[in-house]
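In what follows, a single structure is set out as C-alpha coordinates and then discussed.
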Amino acid sequence: MLGRNAMSNDSGAVLPWLVIRQDDNGNRYRVGRYATQGEAQEAADKLQVRGHKQLYWVERVGQAARP
(Lines give C-alpha, C1' and ligand atoms only; values in the text may rest on other atoms or scores of the structure.)
Protein backbone atom coordinates (compact mmCIF):
# COMPACT_ATOMS: atom_id res chain seq x y z
CA MET A 1 0.00 0.00 0.00
CA LEU A 2 1.31 3.44 -0.94
CA GLY A 3 1.09 6.53 1.18
CA ARG A 4 -0.71 9.54 -0.19
CA ASN A 5 2.58 11.22 -1.11
CA ALA A 6 3.90 8.47 -3.34
CA MET A 7 3.21 7.27 -6.85
CA SER A 8 4.00 3.94 -8.41
CA ASN A 9 4.33 2.60 -11.89
CA ASP A 10 2.79 -0.65 -13.13
CA SER A 11 5.64 -2.70 -11.64
CA GLY A 12 4.83 -1.42 -8.15
CA ALA A 13 7.99 0.69 -7.80
CA VAL A 14 7.52 3.83 -5.73
CA LEU A 15 8.28 6.95 -7.78
CA PRO A 16 7.75 9.99 -5.54
CA TRP A 17 9.92 12.49 -7.48
CA LEU A 18 8.51 14.41 -10.45
CA VAL A 19 10.08 16.43 -13.21
CA ILE A 20 7.78 19.31 -14.13
CA ARG A 21 7.99 21.45 -17.27
CA GLN A 22 6.58 24.94 -17.61
CA ASP A 23 6.38 26.31 -21.13
CA ASP A 24 6.64 29.93 -22.22
CA ASN A 25 2.83 30.29 -21.89
CA GLY A 26 2.86 29.22 -18.23
CA ASN A 27 1.39 25.75 -18.86
CA ARG A 28 2.81 23.05 -16.57
CA TYR A 29 3.23 19.36 -17.38
CA ARG A 30 4.59 16.35 -15.55
CA VAL A 31 7.25 14.89 -17.84
CA GLY A 32 8.66 12.11 -15.66
CA ARG A 33 8.51 10.23 -12.35
CA TYR A 34 11.59 8.95 -10.55
CA ALA A 35 12.54 6.92 -7.49
CA THR A 36 15.14 9.38 -6.19
CA GLN A 37 15.61 13.12 -6.19
CA GLY A 38 19.01 12.67 -7.84
CA GLU A 39 17.56 10.74 -10.78
CA ALA A 40 14.85 13.35 -11.25
CA GLN A 41 17.35 16.22 -11.08
CA GLU A 42 19.62 14.56 -13.62
CA ALA A 43 16.69 14.19 -16.03
CA ALA A 44 15.61 17.82 -15.48
CA ASP A 45 19.17 19.04 -16.05
CA LYS A 46 19.42 17.14 -19.35
CA LEU A 47 16.14 18.64 -20.54
CA GLN A 48 17.13 22.14 -19.40
CA VAL A 49 20.35 22.22 -21.45
CA ARG A 50 18.41 21.83 -24.68
CA GLY A 51 18.03 25.61 -24.66
CA HIS A 52 14.29 25.90 -25.21
CA LYS A 53 12.14 28.45 -23.39
CA GLN A 54 10.74 25.78 -21.09
CA LEU A 55 11.66 25.68 -17.41
CA TYR A 56 12.20 22.30 -15.72
CA TRP A 57 12.25 21.53 -12.01
CA VAL A 58 12.01 18.67 -9.55
CA GLU A 59 9.39 18.30 -6.85
CA ARG A 60 8.20 15.54 -4.57
CA VAL A 61 4.66 14.21 -4.98
CA GLY A 62 2.42 16.21 -2.66
CA GLN A 63 4.87 19.12 -2.43
CA ALA A 64 3.47 22.56 -3.22
CA ALA A 65 4.06 23.47 -6.86
CA ARG A 66 6.58 26.14 -7.76
CA PRO A 67 5.16 29.44 -8.96
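Going through the C-alpha coordinates in order, the chains are called A, B, and so on, while each chain numbers its residues from 1 and the ligands are numbered from 1 in the order shown.
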Do a neighbour search on Ala35 in chain A at 7 Å with only C-alpha atoms, toss out local chain neighbours closer than 6 positions, and write the hits as a PyMOL selection string. chain A and resi 14-17
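Within 7 Å of Arg30 in chain A, once only C-alpha atoms are used and residues closer than 6 positions along the same chain are dropped, the contacting residues are Leu18, Val19, Ile20 and Arg21 of chain A.
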Return the single residue from A:Asp23, A:Gln54, A:Glu59, A:Tyr29 that is closest to Gln41 in chain A, with distances computed using only C-alpha atoms.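 Checking each candidate against Gln41 in chain A, we get A:Glu59 as the closest.
For range 43-53 of chain A, the set of protein, DNA and RNA residues having any atom at most 10 Å away, when counting only C-alpha atoms and skipping those fewer than 2 positions along the same chain, is A:Leu18, A:Val19, A:Ile20, A:Arg21, A:Gln22, A:Asp23, A:Asp24, A:Asn25, A:Val31, A:Gly32, A:Arg33, A:Tyr34, A:Gln37, A:Gly38, A:Glu39, A:Ala40, A:Gln41, A:Leu55, A:Tyr56, A:Trp57, A:Val58.
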